[in-house]
Amino acid sequence: MSRTLGDKMFKLSKLAMATVLCLNASVHMAALAAGPKAEVMHWWTSGGESAAVARFADAYRAAGGVWTDTAIAGGDQARSVAINRMVGGNPPTAAQFNISRQFQDVVEQGMLSNVDEIAIREGWDKTLPEPISSVIRIKGHYYAIPVNIHMPTWIWYSKAAFKKAGIDKEPVTPDELFAALDKLKAAGLIALAHGGQSWQETIVFMAMLANVGGKDLYLSVMRDRDPRAMNSEEFRKVLLSFKRLHGYVDAASPGRNWNDTTALLISGKAGIQIMGDWATGEFVAAKQVAGRDYGCIPGLGPKAPYLIQGDVFVFPKTSNVEALKAQKMLANVFVAPAVQIEFNKLKGSIPVRNDLDASQMNLCARRGLDIMKDKSRHAGIGEIYLTPDQNGALTDVLTAYWNTNMTVEKAQKNIVSALKN
């Protein structure tokens with residue numbers, strides 16, 4: 001080897017070593033510059049839901065943090081994994097729950113940090129609807145950050161299907177709803193798109209209880225668990241209306257996912273679906289527009305109760321300084337006005353904050369926001385009033401009644417037993 005070539009190789013070697021050192025230094029500096037890492041556990045896995053939660057992730061990254069997405073299909077499964085990890089000492093940074101009593105046991109076992117600092121800053125004592133504050137505030141402390149308000153019993157319909165069936169206006173009473181279903185069935189369409197899963201059957205039941213029975217009966221059954229209300233003729237009519245709907249579903253209904261069911265409306269193969277406003281995300285993902293391609297009915301009649309549900313994030317207790325920083329940053333992201341708008345536009349829900357510009361929301365969301373101004377129409381979803389055991393027992397009765405030849409009298413008796421105090 002010539003001396004000249006050797007000198008060149010030596011210089012190249014020094015250059016390579018300097019480059020490696022620079023790269024290592026850059027990686028090290030980048031790691032130091034990166035904000036706190038947050039593992040966020042949730043069950044938002046459908047197309048519309050994934051697009052919505054990405055807004056939180058984008059905002060967290062924009063704030064300088066590192067977002068790690070742990071998405072687990074199915075709410076029950078995701079909650080179970082989150083709780084097991086808390087018990088095992090390896091909790092996620094934040095975990096999704098519903099606005100319900102699902103996390104009360106976790107609070108009582110001292111596994112969650114309170115979020116009183118955010119609650120005070122945001123004025124939750126004055127601004128949150130009572131059905132929400134009643135479950136996230138436990139013994140005077142707030143333990144969850146609500147990110148939206150869902151209403152689970154919207155009545156969605158396909159404009160194309162209505163046109164084919166000759167239906168020229170939205171139903172505004174239970175009788176008109178059944179008349180529309182009859183026309184859709186006669187036109188050869190799937191009249192009621194329904195995913196035959198127990199939680200979906202509970203939603204359909206609550207829609208009938210709210211719209212056929214009214215707010216007073218709804219609260220007497222779900223909140224007060226009054227046996228007299230459950231044994232009444234009015235409640236019997238609710239159960240008969242609920243079971244009557246079974247005659248409008250298609251043979252492929254059992255086991256079908258809710259978003260696959262919404263797709264039947266999007267394609268015009270089905271006319272009506274009773275489902276939460278998270279269905280909006282599927283319409284948005286399909287480039288459909290509220291009022292043009294599909295319609296949304298929040299209740300049958302101007303006084304129908306608006307059932308309040310929603311999603312929250314809880315923060316497992318930790319002594320890890322970086323995890324605590326991540327939780328604080330996440331909390332600020334979740335309640336930020338611009339992020340609230342962007343997330344809820346895609347999720348189909350409405351913001352928890354009542355000081356935002358609603359003009360950016362779609363037709364259905366604006367209808368929901370208008371109704372929320374009337375506190376007389378507020379009522380909680382069943383899970384707000386019931387323990388998880390009571391809710392599970394009720395769901396079992398409703399699924400059995402929906403799918404078998406159980407008599408209405410037997411269903412009434414079993415519901416009284418399921419909801420015993």
# chains A, B, ... in the order shown; residues from 1 in each chain; ligands from 1

$ closest_atom_pairs --of "stretch 139-190 of chain A" --to "stretch 345-364 of chain A" --cutoff "12 Å" --atoms "only C-alpha atoms" --output "tab-separated table"
residue	atom	partner	partner_atom	distance
A:Ile145	CA	A:Val352	CA	9.8
A:Pro146	CA	A:Val352	CA	6.8
A:Val147	CA	A:Val352	CA	6.2
A:Asn148	CA	A:Pro351	CA	4.8
A:Ile149	CA	A:Ile350	CA	5.3
A:His150	CA	A:Ser349	CA	5.0
A:Met151	CA	A:Ser349	CA	7.6
A:Pro152	CA	A:Ser349	CA	9.8
A:Trp154	CA	A:Cys364	CA	9.5
A:Ile155	CA	A:Cys364	CA	10.8
A:Trp156	CA	A:Cys364	CA	10.0

$ write_last_selection --atoms "N, CA and C atoms" --output "PDB file, in the first residue's frame"
ATOM      1  N   ILE A 145     -60.435  12.725  33.819  1.00  0.00           N
ATOM      2  CA  ILE A 145     -60.584  13.882  32.939  1.00  0.00           C
ATOM      3  C   ILE A 145     -61.540  13.525  31.813  1.00  0.00           C
ATOM      4  N   PRO A 146     -62.740  14.119  31.799  1.00  0.00           N
ATOM      5  CA  PRO A 146     -63.676  13.834  30.708  1.00  0.00           C
ATOM      6  C   PRO A 146     -63.227  14.537  29.428  1.00  0.00           C
ATOM      7  N   VAL A 147     -63.248  13.815  28.327  1.00  0.00           N
ATOM      8  CA  VAL A 147     -62.790  14.393  27.062  1.00  0.00           C
ATOM      9  C   VAL A 147     -63.924  14.627  26.078  1.00  0.00           C
ATOM     10  N   ASN A 148     -65.112  14.137  26.402  1.00  0.00           N
ATOM     11  CA  ASN A 148     -66.240  14.337  25.484  1.00  0.00           C
ATOM     12  C   ASN A 148     -67.551  14.001  26.183  1.00  0.00           C
ATOM     13  N   ILE A 149     -68.635  14.314  25.502  1.00  0.00           N
ATOM     14  CA  ILE A 149     -69.963  13.882  25.930  1.00  0.00           C
ATOM     15  C   ILE A 149     -70.570  13.090  24.773  1.00  0.00           C
ATOM     16  N   HIS A 150     -70.889  11.838  25.039  1.00  0.00           N
ATOM     17  CA  HIS A 150     -71.567  10.997  24.051  1.00  0.00           C
ATOM     18  C   HIS A 150     -73.041  10.866  24.430  1.00  0.00           C
ATOM     19  N   MET A 151     -73.865  10.682  23.431  1.00  0.00           N
ATOM     20  CA  MET A 151     -75.255  10.308  23.652  1.00  0.00           C
ATOM     21  C   MET A 151     -75.464   8.990  22.909  1.00  0.00           C
ATOM     22  N   PRO A 152     -75.724   7.907  23.619  1.00  0.00           N
ATOM     23  CA  PRO A 152     -75.678   6.580  22.992  1.00  0.00           C
ATOM     24  C   PRO A 152     -76.913   6.141  22.232  1.00  0.00           C
ATOM     25  N   TRP A 154     -78.797   7.822  19.734  1.00  0.00           N
ATOM     26  CA  TRP A 154     -79.186   8.534  18.521  1.00  0.00           C
ATOM     27  C   TRP A 154     -79.835   7.555  17.541  1.00  0.00           C
ATOM     28  N   ILE A 155     -80.768   8.079  16.756  1.00  0.00           N
ATOM     29  CA  ILE A 155     -81.389   7.296  15.689  1.00  0.00           C
ATOM     30  C   ILE A 155     -80.848   7.822  14.366  1.00  0.00           C
ATOM     31  N   TRP A 156     -80.033   7.000  13.699  1.00  0.00           N
ATOM     32  CA  TRP A 156     -79.392   7.377  12.443  1.00  0.00           C
ATOM     33  C   TRP A 156     -80.189   6.800  11.277  1.00  0.00           C
TER      34      TRP A 156
END

$ select_by_dssp --residues "stretch 73-316 of chain A" --states "alpha helix (DSSP H)" --output "ChimeraX atom specification"
/A:75-87,104-108,116-122,124-127,130-136,159-165,174-186,198-208,214-222,227-230,233-244,258-266,280-285

$ closest_atom_pairs --of "stretch 376-414 of chain A" --to "stretch 242-256 of chain A" --cutoff "9 Å" --atoms "only C-alpha atoms" --output "tab-separated table"
residue	atom	partner	partner_atom	distance
A:Tyr401	CA	A:Lys243	CA	7.6
A:Trp402	CA	A:Lys243	CA	5.9
A:Asn403	CA	A:His246	CA	8.4
A:Val408	CA	A:Lys243	CA	8.8

$ atom_distance --atom1 "atom CA of A:Asn414" --atom2 "atom CA of A:Val238"
15.0 Å

$ residues_around --residues "A:Arg121" --least-positions-apart "4" --cutoff "12 Å" --atoms "only C-alpha atoms" --output "NGL selection string"
:A and (115-117 or 125-127 or 331-332 or 335-336)

$ write_last_selection --atoms "N, CA and C atoms" --output "compact mmCIF listing (two decimals), in the first residue's frame"
# COMPACT_ATOMS: atom_id res chain seq x y z
N VAL A 115 -57.27 14.56 39.99
CA VAL A 115 -56.97 15.61 39.01
C VAL A 115 -57.61 16.91 39.46
N ASP A 116 -57.60 17.14 40.76
CA ASP A 116 -58.23 18.33 41.33
C ASP A 116 -57.64 19.62 40.77
N GLU A 117 -56.35 19.63 40.51
CA GLU A 117 -55.71 20.84 39.99
C GLU A 117 -56.35 21.28 38.68
N ASP A 125 -66.70 22.34 38.97
CA ASP A 125 -67.81 22.36 39.93
C ASP A 125 -69.02 23.10 39.37
N LYS A 126 -68.76 24.08 38.49
CA LYS A 126 -69.85 24.89 37.93
C LYS A 126 -70.22 24.51 36.50
N THR A 127 -69.28 23.90 35.76
CA THR A 127 -69.52 23.72 34.32
C THR A 127 -69.90 22.30 33.90
N ALA A 331 -52.87 15.82 30.63
CA ALA A 331 -54.06 16.50 31.17
C ALA A 331 -54.28 17.83 30.46
N ASN A 332 -53.21 18.57 30.26
CA ASN A 332 -53.34 19.87 29.58
C ASN A 332 -53.77 19.70 28.12
N VAL A 335 -57.69 18.82 27.75
CA VAL A 335 -58.68 19.88 27.99
C VAL A 335 -58.46 21.11 27.12
N ALA A 336 -57.43 21.13 26.29
CA ALA A 336 -57.13 22.30 25.46
C ALA A 336 -58.28 22.55 24.48

$ select_by_dssp --residues "stretch 249-312 of chain A" --states "strand (DSSP E or B)" --output "list in words"
Pro254, Ala270, Gly271, Ile272, Gln273, Ile274, Met275, Ala290, Tyr294, Gly295, Cys296, Ile297, Tyr306, Leu307, Ile308, Gln309, Asp311 and Val312 of chain A
